[in-house]
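File shown: start_6.cif. Contents: mmCIF, C-alpha atoms.
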```
data_work
#
loop_
_atom_site.label_atom_id
_atom_site.label_comp_id
_atom_site.auth_asym_id
_atom_site.auth_seq_id
_atom_site.Cartn_x
_atom_site.Cartn_y
_atom_site.Cartn_z
CA MET A 1 124.55 101.26 118.37
CA ARG A 2 123.49 101.45 122.00
CA SER A 3 124.88 99.93 125.18
CA LEU A 4 124.48 96.31 126.25
CA THR A 5 122.80 97.71 129.35
CA GLU A 6 119.79 98.38 127.13
CA LEU A 7 119.74 94.84 125.75
CA PHE A 8 120.07 92.75 128.91
CA LYS A 9 117.26 93.62 131.32
CA ILE A 10 116.22 91.88 134.53
CA GLY A 11 112.45 91.75 134.78
CA SER A 12 109.28 89.70 135.10
CA GLY A 13 107.97 87.39 132.41
CA PRO A 14 106.24 86.08 130.48
CA SER A 15 106.98 88.46 127.60
CA SER A 16 109.33 91.39 127.17
CA SER A 17 107.34 92.89 124.30
CA HIS A 18 103.85 91.97 125.54
CA THR A 19 104.32 92.40 129.30
CA MET A 20 107.44 94.45 130.14
CA GLY A 21 106.99 96.93 127.28
CA PRO A 22 103.31 97.76 127.89
CA GLU A 23 103.92 97.96 131.63
CA LYS A 24 106.78 100.40 131.02
CA ALA A 25 104.57 102.56 128.80
CA ALA A 26 101.78 102.53 131.36
CA ARG A 27 104.16 103.54 134.16
CA ILE A 28 105.42 106.49 132.13
CA PHE A 29 101.84 107.55 131.37
CA LYS A 30 100.88 107.19 135.04
CA SER A 31 103.84 109.33 136.15
CA GLU A 32 102.79 112.07 133.74
CA ASN A 33 99.16 112.01 134.87
CA GLU A 34 99.26 111.66 138.65
CA ASP A 35 96.01 113.64 139.00
CA ALA A 36 94.01 111.23 136.83
CA ASP A 37 91.30 109.31 138.66
CA GLN A 38 90.73 106.76 135.88
CA PHE A 39 92.62 105.25 132.95
CA LYS A 40 91.78 103.31 129.82
CA ALA A 41 94.05 101.32 127.54
CA LEU A 42 93.30 100.08 124.04
CA ILE A 43 95.74 97.41 122.88
CA TYR A 44 95.88 96.45 119.23
CA GLY A 45 97.18 93.82 116.83
CA SER A 46 99.48 91.18 118.25
CA LEU A 47 99.24 92.72 121.72
CA ALA A 48 95.49 92.16 121.67
CA LYS A 49 95.51 88.73 120.05
CA THR A 50 97.81 87.22 122.68
CA GLY A 51 97.18 89.73 125.46
CA LYS A 52 95.40 87.41 127.88
CA GLY A 53 98.02 84.67 127.61
CA HIS A 54 100.85 87.16 127.91
CA MET A 55 99.16 88.87 130.89
CA THR A 56 99.32 92.22 129.08
CA ASP A 57 96.14 93.51 130.72
CA LYS A 58 97.36 92.57 134.20
CA ALA A 59 100.69 94.34 133.60
CA ILE A 60 98.96 97.54 132.46
CA ILE A 61 96.46 97.54 135.31
CA ARG A 62 99.27 96.95 137.80
CA ALA A 63 101.27 99.86 136.39
CA LEU A 64 98.30 102.25 136.49
CA SER A 65 97.10 101.31 139.98
CA PRO A 66 95.74 102.37 142.39
CA ALA A 67 93.52 104.32 139.98
CA PRO A 68 91.01 102.07 138.22
CA ALA A 69 91.98 101.10 134.68
CA GLU A 70 90.02 99.50 131.87
CA VAL A 71 91.86 97.48 129.22
CA GLN A 72 90.15 96.78 125.90
CA PHE A 73 91.47 94.29 123.34
CA VAL A 74 91.13 95.51 119.74
CA PRO A 75 92.78 92.87 117.51
CA GLN A 76 91.89 94.56 114.19
CA PRO A 77 91.48 98.34 114.49
CA ASP A 78 90.11 100.41 111.62
CA PHE A 79 93.46 102.13 111.01
CA VAL A 80 96.93 101.04 109.93
CA LEU A 81 99.07 100.16 112.90
CA PRO A 82 102.58 101.63 113.04
CA HIS A 83 103.73 98.34 114.64
CA PRO A 84 101.98 95.04 115.51
CA ASN A 85 102.47 95.88 119.21
CA THR A 86 100.63 99.19 119.44
CA MET A 87 98.67 100.55 122.40
CA ASP A 88 96.75 103.74 123.21
CA LEU A 89 96.47 105.11 126.74
CA PHE A 90 93.85 107.57 127.99
CA ALA A 91 93.72 109.48 131.28
CA TYR A 92 90.52 110.89 132.78
CA GLN A 93 89.59 113.24 135.60
CA ASP A 94 85.97 113.63 136.70
CA GLY A 95 84.88 111.77 133.57
CA ARG A 96 86.75 114.10 131.19
CA GLN A 97 89.69 112.92 129.08
CA THR A 98 92.80 114.80 130.09
CA ALA A 99 95.63 113.04 128.28
CA PHE A 100 96.43 110.57 125.52
CA MET A 101 99.55 108.60 124.57
CA ARG A 102 100.28 106.07 121.82
CA ALA A 103 103.17 103.67 122.37
CA VAL A 104 104.59 100.71 120.51
CA SER A 105 106.47 97.86 122.14
CA ILE A 106 109.36 97.09 119.81
CA GLY A 107 110.83 94.04 121.55
CA GLY A 108 113.11 93.28 124.46
CA GLY A 109 111.05 95.50 126.78
CA ASP A 110 111.79 98.67 124.80
CA ILE A 111 109.08 101.09 123.72
CA VAL A 112 108.69 104.03 121.37
CA ILE A 113 106.18 106.78 122.20
CA GLU A 114 104.55 108.43 119.20
CA GLY A 115 105.55 112.05 118.74
CA ARG A 116 108.56 111.83 121.00
CA GLU A 117 112.19 111.10 120.44
CA GLU A 118 113.00 107.56 121.45
CA ALA A 119 114.16 107.65 125.06
CA HIS A 120 117.41 105.78 125.35
CA GLY A 121 120.99 106.22 126.34
CA PRO A 122 123.68 107.49 124.02
CA ASP A 123 125.09 105.44 121.18
CA VAL A 124 128.30 103.90 122.46
CA TYR A 125 129.25 101.82 119.43
CA PRO A 126 130.13 103.80 116.30
CA GLU A 127 130.28 100.54 114.34
CA ASN A 128 126.91 99.16 113.28
CA THR A 129 127.69 95.88 111.49
CA PHE A 130 129.72 92.83 112.33
CA ALA A 131 131.95 93.54 109.32
CA GLU A 132 132.81 96.99 110.71
CA ILE A 133 133.45 95.63 114.19
CA SER A 134 135.56 92.78 112.85
CA ALA A 135 137.67 95.14 110.75
CA PHE A 136 138.23 97.43 113.75
CA CYS A 137 139.25 94.54 116.02
CA LYS A 138 141.62 93.04 113.48
CA ALA A 139 143.24 96.40 112.76
CA ASN A 140 143.80 96.97 116.48
CA HIS A 141 144.69 93.37 117.33
CA ILE A 142 141.99 93.00 119.99
CA ARG A 143 139.29 90.45 120.73
CA LEU A 144 135.57 91.19 120.51
CA SER A 145 135.32 91.24 124.30
CA ASP A 146 138.14 93.81 124.45
CA TYR A 147 136.22 95.87 121.91
CA VAL A 148 133.12 95.82 124.16
CA GLU A 149 135.20 97.03 127.12
CA GLN A 150 136.78 99.75 125.01
CA ARG A 151 133.40 101.09 123.87
CA GLU A 152 131.44 100.57 127.10
CA GLY A 153 134.11 101.23 129.71
CA LYS A 154 135.29 98.96 132.51
CA GLN A 155 131.97 99.38 134.33
CA ILE A 156 130.40 96.97 131.85
CA TRP A 157 131.91 94.06 133.79
CA ASP A 158 130.05 94.97 136.98
CA PHE A 159 126.85 95.22 134.98
CA LEU A 160 127.41 91.84 133.31
CA GLN A 161 128.26 90.26 136.67
CA GLY A 162 124.79 91.28 137.85
CA ILE A 163 123.26 89.85 134.68
CA TRP A 164 125.13 86.57 135.11
CA GLU A 165 124.01 86.27 138.73
CA ALA A 166 120.39 86.90 137.69
CA MET A 167 120.66 84.25 134.97
CA LYS A 168 121.98 81.69 137.45
CA ARG A 169 119.22 82.54 139.92
CA SER A 170 116.57 81.98 137.28
CA ILE A 171 118.00 78.51 136.64
CA ASP A 172 118.25 77.64 140.32
CA GLU A 173 114.74 78.85 141.05
CA GLY A 174 113.31 76.97 138.09
CA LEU A 175 115.04 73.75 139.12
CA SER A 176 113.51 73.95 142.60
CA VAL A 177 109.84 74.15 141.61
CA THR A 178 107.32 71.56 140.42
CA GLY A 179 103.64 71.70 139.57
CA ILE A 180 101.36 72.94 136.81
CA LEU A 181 101.85 76.28 135.08
CA GLU A 182 98.88 78.62 135.13
CA GLY A 183 97.04 79.40 131.91
CA GLY A 184 94.79 76.47 131.21
CA LEU A 185 97.08 74.30 129.11
CA HIS A 186 97.97 72.17 132.15
CA VAL A 187 101.66 72.27 131.23
CA GLU A 188 103.71 70.51 133.88
CA ARG A 189 107.03 71.95 135.01
CA LYS A 190 109.71 69.51 133.83
CA ALA A 191 113.05 71.18 134.69
CA LYS A 192 113.53 69.52 138.07
CA TYR A 193 112.49 66.12 136.67
CA LEU A 194 114.94 66.43 133.76
CA TYR A 195 117.79 67.51 135.98
CA HIS A 196 117.46 64.51 138.30
CA GLN A 197 116.99 61.82 135.63
CA GLY A 198 120.65 60.85 135.32
CA HIS A 199 121.68 57.19 135.26
CA VAL A 200 124.92 55.45 136.19
CA ASP A 201 125.51 54.33 132.59
CA GLU A 202 124.46 57.66 131.03
CA SER A 203 126.71 58.68 128.13
CA PRO A 204 128.39 62.11 128.23
CA GLU A 205 126.39 63.14 125.15
CA THR A 206 123.07 62.19 126.76
CA ARG A 207 123.98 63.96 129.98
CA GLU A 208 124.91 67.12 128.08
CA ASN A 209 121.55 67.12 126.31
CA ARG A 210 119.67 66.50 129.55
CA ILE A 211 121.46 69.11 131.66
CA VAL A 212 121.41 71.86 129.04
CA SER A 213 117.72 71.19 128.41
CA ALA A 214 116.95 71.17 132.14
CA TYR A 215 118.60 74.57 132.55
CA ALA A 216 116.65 76.01 129.62
CA PHE A 217 113.39 74.53 130.88
CA ALA A 218 114.09 76.00 134.33
CA VAL A 219 114.45 79.55 133.01
CA ASN A 220 111.50 79.43 130.65
CA GLU A 221 109.19 77.79 133.15
CA GLN A 222 110.05 80.66 135.49
CA ASN A 223 109.31 83.06 132.66
CA ALA A 224 105.97 81.41 131.91
CA ALA A 225 105.06 81.77 135.59
CA ALA A 226 105.87 85.53 135.49
CA GLY A 227 109.08 84.94 137.43
CA THR A 228 112.25 87.01 137.14
CA VAL A 229 114.44 86.39 134.09
CA VAL A 230 116.95 88.24 131.91
CA THR A 231 115.99 89.40 128.44
CA ALA A 232 118.54 87.62 126.26
CA PRO A 233 117.41 89.15 124.02
CA THR A 234 113.75 88.72 125.10
CA CYS A 235 111.78 87.02 127.87
CA GLY A 236 110.41 84.39 125.51
CA ALA A 237 113.96 83.45 124.49
CA SER A 238 115.52 83.96 127.91
CA GLY A 239 116.63 80.37 128.50
CA VAL A 240 119.05 79.78 125.61
CA VAL A 241 122.03 81.88 126.72
CA PRO A 242 121.89 81.02 130.46
CA ALA A 243 121.47 77.28 129.80
CA SER A 244 124.37 76.94 127.39
CA LEU A 245 126.71 79.20 129.38
CA ARG A 246 125.89 77.60 132.75
CA TYR A 247 126.58 74.13 131.34
CA MET A 248 129.91 75.14 129.78
CA HIS A 249 130.88 77.08 132.89
CA GLU A 250 130.53 73.91 134.93
CA LYS A 251 132.10 71.66 132.29
CA MET A 252 135.15 73.84 131.67
CA GLN A 253 135.53 75.02 135.29
CA VAL A 254 136.35 78.56 134.16
CA PRO A 255 136.20 81.67 136.37
CA ASP A 256 133.31 84.11 136.15
CA ALA A 257 135.56 86.65 134.45
CA GLN A 258 135.66 84.47 131.34
CA ILE A 259 131.89 84.02 131.42
CA LEU A 260 131.45 87.78 131.53
CA ARG A 261 133.61 88.14 128.42
CA ALA A 262 131.48 85.52 126.73
CA LEU A 263 128.33 87.39 127.74
CA ALA A 264 129.80 90.59 126.30
CA VAL A 265 130.31 88.93 122.92
CA GLY A 266 126.87 87.34 123.01
CA GLY A 267 125.36 90.71 123.87
CA LEU A 268 127.20 92.32 120.97
CA ILE A 269 125.56 89.82 118.60
CA GLY A 270 122.14 90.51 120.09
CA ASN A 271 122.73 94.24 119.76
CA LEU A 272 123.57 93.87 116.07
CA VAL A 273 120.33 92.00 115.41
CA LYS A 274 118.35 94.57 117.38
CA GLN A 275 120.06 97.41 115.50
CA ASN A 276 119.83 96.01 111.97
CA ALA A 277 116.73 93.82 112.08
CA SER A 278 114.39 93.04 114.99
CA ILE A 279 114.17 90.95 118.16
CA SER A 280 110.36 91.14 118.18
CA GLY A 281 108.34 87.98 117.59
CA ALA A 282 105.37 90.11 116.55
CA GLN A 283 107.50 91.71 113.85
CA CYS A 284 109.62 88.82 112.58
CA GLY A 285 108.46 85.59 114.24
CA CYS A 286 110.43 83.42 116.63
CA GLN A 287 113.50 83.53 114.37
CA ALA A 288 113.96 87.02 115.82
CA GLU A 289 113.75 85.73 119.39
CA VAL A 290 115.08 82.18 119.77
CA GLY A 291 117.07 82.56 116.53
CA THR A 292 118.83 85.62 117.93
CA ALA A 293 119.27 83.96 121.34
CA CYS A 294 120.91 80.96 119.67
CA SER A 295 123.28 83.27 117.78
CA MET A 296 124.13 85.08 120.99
CA ALA A 297 124.79 81.79 122.80
CA ALA A 298 126.88 80.36 119.97
CA ALA A 299 129.04 83.49 119.81
CA ALA A 300 129.39 83.54 123.60
CA LEU A 301 130.49 79.91 123.66
CA ALA A 302 132.97 80.56 120.85
CA GLU A 303 134.49 83.41 122.86
CA LEU A 304 134.60 81.18 125.94
CA SER A 305 136.47 78.59 123.86
CA GLY A 306 139.06 81.15 122.77
CA MET A 307 138.08 81.16 119.10
CA GLU A 308 139.11 83.85 116.66
CA ILE A 309 136.76 86.51 115.28
CA ASP A 310 135.98 84.66 112.05
CA GLN A 311 135.09 81.52 113.99
CA ILE A 312 132.87 83.50 116.34
CA GLU A 313 131.11 85.05 113.37
CA TYR A 314 130.61 81.62 111.79
CA ALA A 315 129.11 80.21 114.99
CA ALA A 316 126.66 83.11 115.21
CA GLU A 317 125.80 82.92 111.52
CA VAL A 318 125.15 79.16 111.55
CA ALA A 319 122.94 79.53 114.61
CA MET A 320 120.78 82.20 112.97
CA GLU A 321 120.71 80.69 109.48
CA HIS A 322 119.12 77.48 110.69
CA HIS A 323 116.37 79.31 112.51
CA LEU A 324 115.31 81.28 109.42
CA GLY A 325 111.56 81.16 108.93
CA LEU A 326 110.84 80.02 112.49
CA THR A 327 107.29 81.00 113.34
CA CYS A 328 105.89 82.38 116.58
CA ASP A 329 102.62 80.53 117.15
CA PRO A 330 102.06 80.36 120.93
CA ILE A 331 99.09 78.18 121.86
CA ASN A 332 96.39 80.24 123.60
CA GLY A 333 98.84 83.17 123.54
CA LEU A 334 100.78 81.62 126.41
CA VAL A 335 104.58 81.59 126.49
CA GLN A 336 104.55 77.83 127.11
CA ILE A 337 103.99 75.71 123.98
CA PRO A 338 106.22 75.65 121.94
CA CYS A 339 108.30 78.29 123.70
CA ILE A 340 109.72 76.32 126.64
CA GLU A 341 110.92 73.32 124.63
CA ARG A 342 112.11 75.61 121.85
CA ASN A 343 114.58 77.30 124.20
CA ALA A 344 116.07 73.91 125.09
CA VAL A 345 116.44 73.06 121.41
CA GLY A 346 117.97 76.50 120.78
CA ALA A 347 120.54 75.96 123.53
CA MET A 348 121.55 72.62 122.05
CA ARG A 349 121.79 74.17 118.58
CA ALA A 350 124.19 76.75 119.98
CA LEU A 351 126.48 73.91 121.06
CA ASN A 352 126.16 72.37 117.59
CA ALA A 353 127.05 75.70 115.95
CA LEU A 354 130.09 75.93 118.21
CA SER A 355 131.29 72.51 117.05
CA LEU A 356 130.95 73.43 113.38
CA ALA A 357 132.74 76.72 113.91
CA LYS A 358 135.78 74.94 115.34
CA PHE A 359 136.43 73.22 112.04
CA LEU A 360 134.66 74.90 109.14
CA SER A 361 134.85 78.69 109.53
CA GLY A 362 137.36 78.93 106.68
CA THR A 363 134.82 77.51 104.23
CA ARG A 364 131.85 79.74 105.04
CA LYS A 365 130.04 81.67 102.30
CA ILE A 366 127.47 83.63 104.33
CA SER A 367 128.34 86.55 106.58
CA PHE A 368 126.57 87.25 109.85
CA ASP A 369 125.39 90.62 108.52
CA LEU A 370 123.81 88.94 105.50
CA VAL A 371 121.94 86.37 107.57
CA VAL A 372 120.61 89.14 109.84
CA GLN A 373 119.29 91.04 106.83
CA THR A 374 117.79 87.81 105.50
CA MET A 375 116.08 87.13 108.83
CA TYR A 376 114.47 90.56 108.80
CA GLU A 377 113.21 90.27 105.23
CA THR A 378 111.95 86.76 105.92
CA GLY A 379 110.06 88.08 108.94
CA GLN A 380 108.46 90.85 106.88
CA ASP A 381 107.38 88.31 104.25
CA MET A 382 105.97 85.93 106.87
CA ASN A 383 102.18 85.76 107.09
CA SER A 384 100.99 87.72 110.11
CA ARG A 385 99.29 84.59 111.50
CA TYR A 386 102.76 83.28 112.30
CA ARG A 387 104.02 86.39 114.06
CA GLU A 388 102.87 86.11 117.68
CA THR A 389 99.13 86.32 117.02
CA ALA A 390 98.14 82.76 118.09
CA GLU A 391 96.19 82.49 114.83
CA GLY A 392 98.27 80.00 112.83
CA GLY A 393 100.35 76.87 113.08
CA LEU A 394 100.29 75.07 116.40
CA ALA A 395 97.99 77.68 117.95
CA LYS A 396 95.34 77.18 115.26
CA LEU A 397 95.53 73.40 115.00
CA TYR A 398 95.65 72.82 118.75
CA LYS A 399 92.44 74.77 119.11
CA MET A 400 90.85 72.64 116.37
CA ASP A 401 91.95 69.33 117.93
CA GLY A 402 91.95 70.35 121.59
#
```
Here is the file; what I need is its structure written in the form of structure tokens.
Amino acid sequence: MRSLTELFKIGSGPSSSHTMGPEKAARIFKSENEDADQFKALIYGSLAKTGKGHMTDKAIIRALSPAPAEVQFVPQPDFVLPHPNTMDLFAYQDGRQTAFMRAVSIGGGDIVIEGREEAHGPDVYPENTFAEISAFCKANHIRLSDYVEQREGKQIWDFLQGIWEAMKRSIDEGLSVTGILEGGLHVERKAKYLYHQGHVDESPETRENRIVSAYAFAVNEQNAAAGTVVTAPTCGASGVVPASLRYMHEKMQVPDAQILRALAVGGLIGNLVKQNASISGAQCGCQAEVGTACSMAAAALAELSGMEIDQIEYAAEVAMEHHLGLTCDPINGLVQIPCIERNAVGAMRALNALSLAKFLSGTRKISFDLVVQTMYETGQDMNSRYRETAEGGLAKLYKMDG
């Protein structure tokens, strides 16, 4: 299993798999064809069906500039796609094709180029399941965060400090902006409004809900506006972890060092899902994005609360189990409805999972590894209309009524 530095990425929204991934592929292709005077990109499947809303074409054109680039949307090609997020890139010189590359965007901003070994860093975790990691930690009497340090090296804390700072910035920036998000849905930014709606007689429970939701809205409104966010594990699910951790950081008044340990454990959970299932909405629906983010947040909060490994596992498992079957049906292909609200709900669910884990971990029947496998199989069984194509659910019915 690979490093957390390949899971947490700082980049521009609105989508890690539909914006960051294609842009990365286009930049690689551009660097390999500097003499080309023209480019063309064909984007297929889910990339094509939500490409306008996800700004996929703009990301590709930006990456290939200053040479002119044509982007064509081909939702249903006449061949079997290796992945729902597949794209072909062509380079030309004096009207003659000089190069070709096929890439797939597999989620979280990562890509695989056909015919090449996947470009990534070395595997740093020999253990590939939570059960293996848990057994190792218990045998060596260490916490999960100690395990991350042991496998990654002490430099992981500097990396996670940068990630934490970027997460906080995305919240602060989102809380400072008002107005209407671009895209045609006329979605109003609500983070700042939510944050400042406190009342003198507000109950602690109501305030918690409001503040956590405001933080999540802030991040995902920034994401929807192509602002800078952290993939946790994706852009579309980037608000869950920052919102829940920022709230608990302020509530518990803990030092950053403890937050970084929580982030390490949350990242470990995200890595396990990425390794053994998928974090791609186009492949498994939103259960793979917000479901994974909720698991990451729940595990991080459990670490922050000093819980034992079995309790951390239970928190992560509960969080994922109750997102099983969650569809990805973005209206007009935009990462706005239901995505922004869904991150707020996911952050609150992480707090709920934490509460259950404090008391009930000894009674659990389902392992985290089993729920991850279940999520993947559920995603494969899910009708393609509900996997980031904007063809089913809310996307379909809103178009009918709107």
### Task
Excluding Arg261 of chain A and residues on its chain fewer than 3 positions from it, collect all residues at most 6 Å away from it, counting all atoms listed in the file, and give them as a VMD selection string.
chain A and resid 145 258 264
### Message
One decimal, in Å: what's the spacing between atom CA of Glu221 of chain A and atom CA of Ser384 of chain A?
### Response
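So the answer is 26.4 Å.
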### Task
Enumerate, as a list in words, the residues matched when the PyMOL selection byres ((chain A and resi 353) around 8) is run on the file above.
Ala298, Ala315, Ala316, Val318, Ala319, Arg349, Ala350, Leu351, Asn352, Leu354, Ser355, Leu356 and Ala357 of chain A
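For the set A:Ala288, A:Glu308, A:Glu182, A:Lys168, the residue with the smallest atom-to-atom gap to Arg246 of chain A is A:Lys168, counting only C-alpha atoms.
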### Message
Env of Gly11 of chain A: 8 Å cut, atoms = only C-alpha atoms, seq-sep filter 5 positions within chain, self excluded. Answer as JSON, numbers by chain.
### Response
{"A": [20, 228, 229, 230, 231]}
Expansion of the PyMOL selection byres ((chain A and resi 189-198) around 8) into residues, as an mmCIF file with C-alpha atoms, in the coordinates of the input:
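Saved result, part_32.cif, follows:
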```
data_model
loop_
_atom_site.group_PDB
_atom_site.id
_atom_site.type_symbol
_atom_site.label_atom_id
_atom_site.label_comp_id
_atom_site.auth_asym_id
_atom_site.auth_seq_id
_atom_site.Cartn_x
_atom_site.Cartn_y
_atom_site.Cartn_z
ATOM 1 C CA GLY A 174 113.310 76.970 138.090
ATOM 2 C CA LEU A 175 115.040 73.750 139.120
ATOM 3 C CA SER A 176 113.510 73.950 142.600
ATOM 4 C CA VAL A 177 109.840 74.150 141.610
ATOM 5 C CA THR A 178 107.320 71.560 140.420
ATOM 6 C CA GLY A 179 103.640 71.700 139.570
ATOM 7 C CA ILE A 180 101.360 72.940 136.810
ATOM 8 C CA LEU A 181 101.850 76.280 135.080
ATOM 9 C CA VAL A 187 101.660 72.270 131.230
ATOM 10 C CA GLU A 188 103.710 70.510 133.880
ATOM 11 C CA HIS A 199 121.680 57.190 135.260
ATOM 12 C CA VAL A 200 124.920 55.450 136.190
ATOM 13 C CA GLU A 202 124.460 57.660 131.030
ATOM 14 C CA ARG A 207 123.980 63.960 129.980
ATOM 15 C CA ARG A 210 119.670 66.500 129.550
ATOM 16 C CA ILE A 211 121.460 69.110 131.660
ATOM 17 C CA SER A 213 117.720 71.190 128.410
ATOM 18 C CA ALA A 214 116.950 71.170 132.140
ATOM 19 C CA TYR A 215 118.600 74.570 132.550
ATOM 20 C CA ALA A 216 116.650 76.010 129.620
ATOM 21 C CA PHE A 217 113.390 74.530 130.880
ATOM 22 C CA ALA A 218 114.090 76.000 134.330
ATOM 23 C CA GLU A 221 109.190 77.790 133.150
#
```
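Using the PyMOL selection byres ((chain A and resi 361-370) around 7) on this structure selects A:Thr129, A:Phe130, A:Asp310, A:Gln311, A:Glu313, A:Tyr314, A:Ala316, A:Glu317, A:Ala357, A:Lys358, A:Phe359, A:Leu360, A:Val371, A:Val372, A:Gln373, A:Thr374.
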### Query
Quick one: of A:Tyr376, A:Gln336, A:Pro22, A:Gly281, who's nearest to Val112 of chain A, counting all atoms listed in the file?
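Among A:Tyr376, A:Gln336, A:Pro22, A:Gly281, it is A:Pro22 that comes nearest to Val112 of chain A.
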#### Entry: 7 Å contact set for Ala347 of chain A, only C-alpha atoms, chain neighbours under 3 positions out, as a PyMOL selection string
chain A and resi 212+240-241+243-244+294+343-344+350-351
### Query
Quick one: residues within 9 Å of Trp164 of chain A, all atoms listed in the file counted, chain neighbours fewer than 3 positions away excluded, as JSON, numbers by chain?
{"A": [159, 160, 161, 167, 168, 169, 230, 242, 256, 259, 260, 263]}
### Message
For a quick check of understanding, using all atoms listed in the file, which of A:Asp37, A:Met1, A:Ser280, A:Ile312 has the smallest distance to Ser134 of chain A?
### Response
A:Ile312
### Query
Got a sec: who's within 8 Å of segment 41-46 of chain A, counting only C-alpha atoms, leaving out chain neighbours fewer than 6 positions off, as a VMD selection string?
chain A and resid 60 69 to 77 81 84 to 90 282 387 to 389
### Query
When you draw a straight line from atom CA of His18 of chain A to atom CA of Arg96 of chain A, how long is it in Å?
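For atom CA of His18 of chain A relative to atom CA of Arg96 of chain A, the distance reads 28.5 Å.
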### Task
Find the residue from A:Ser170, A:Gln38, A:Thr50, A:Asn140 that sits nearest to Gln93 of chain A; use only C-alpha atoms when measuring.
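Closest candidate: A:Gln38.
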### Query
How far is it from atom CA of Ala390 of chain A to atom CA of Cys328 of chain A, in Å with one decimal?
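Computed distance, atom CA of Ala390 of chain A to atom CA of Cys328 of chain A, equals 7.9 Å.
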### Nearest residue to Ala131 of chain A from the set A:Gly21, A:Gln222, A:Leu144, A:Thr327 (distances using all atoms listed in the file)
A:Leu144
#### Entry: Counting all atoms listed in the file, the residue of A:Met248, A:Val335, A:Leu7, A:Ala300 that sits nearest Gly108 of chain A
A:Leu7
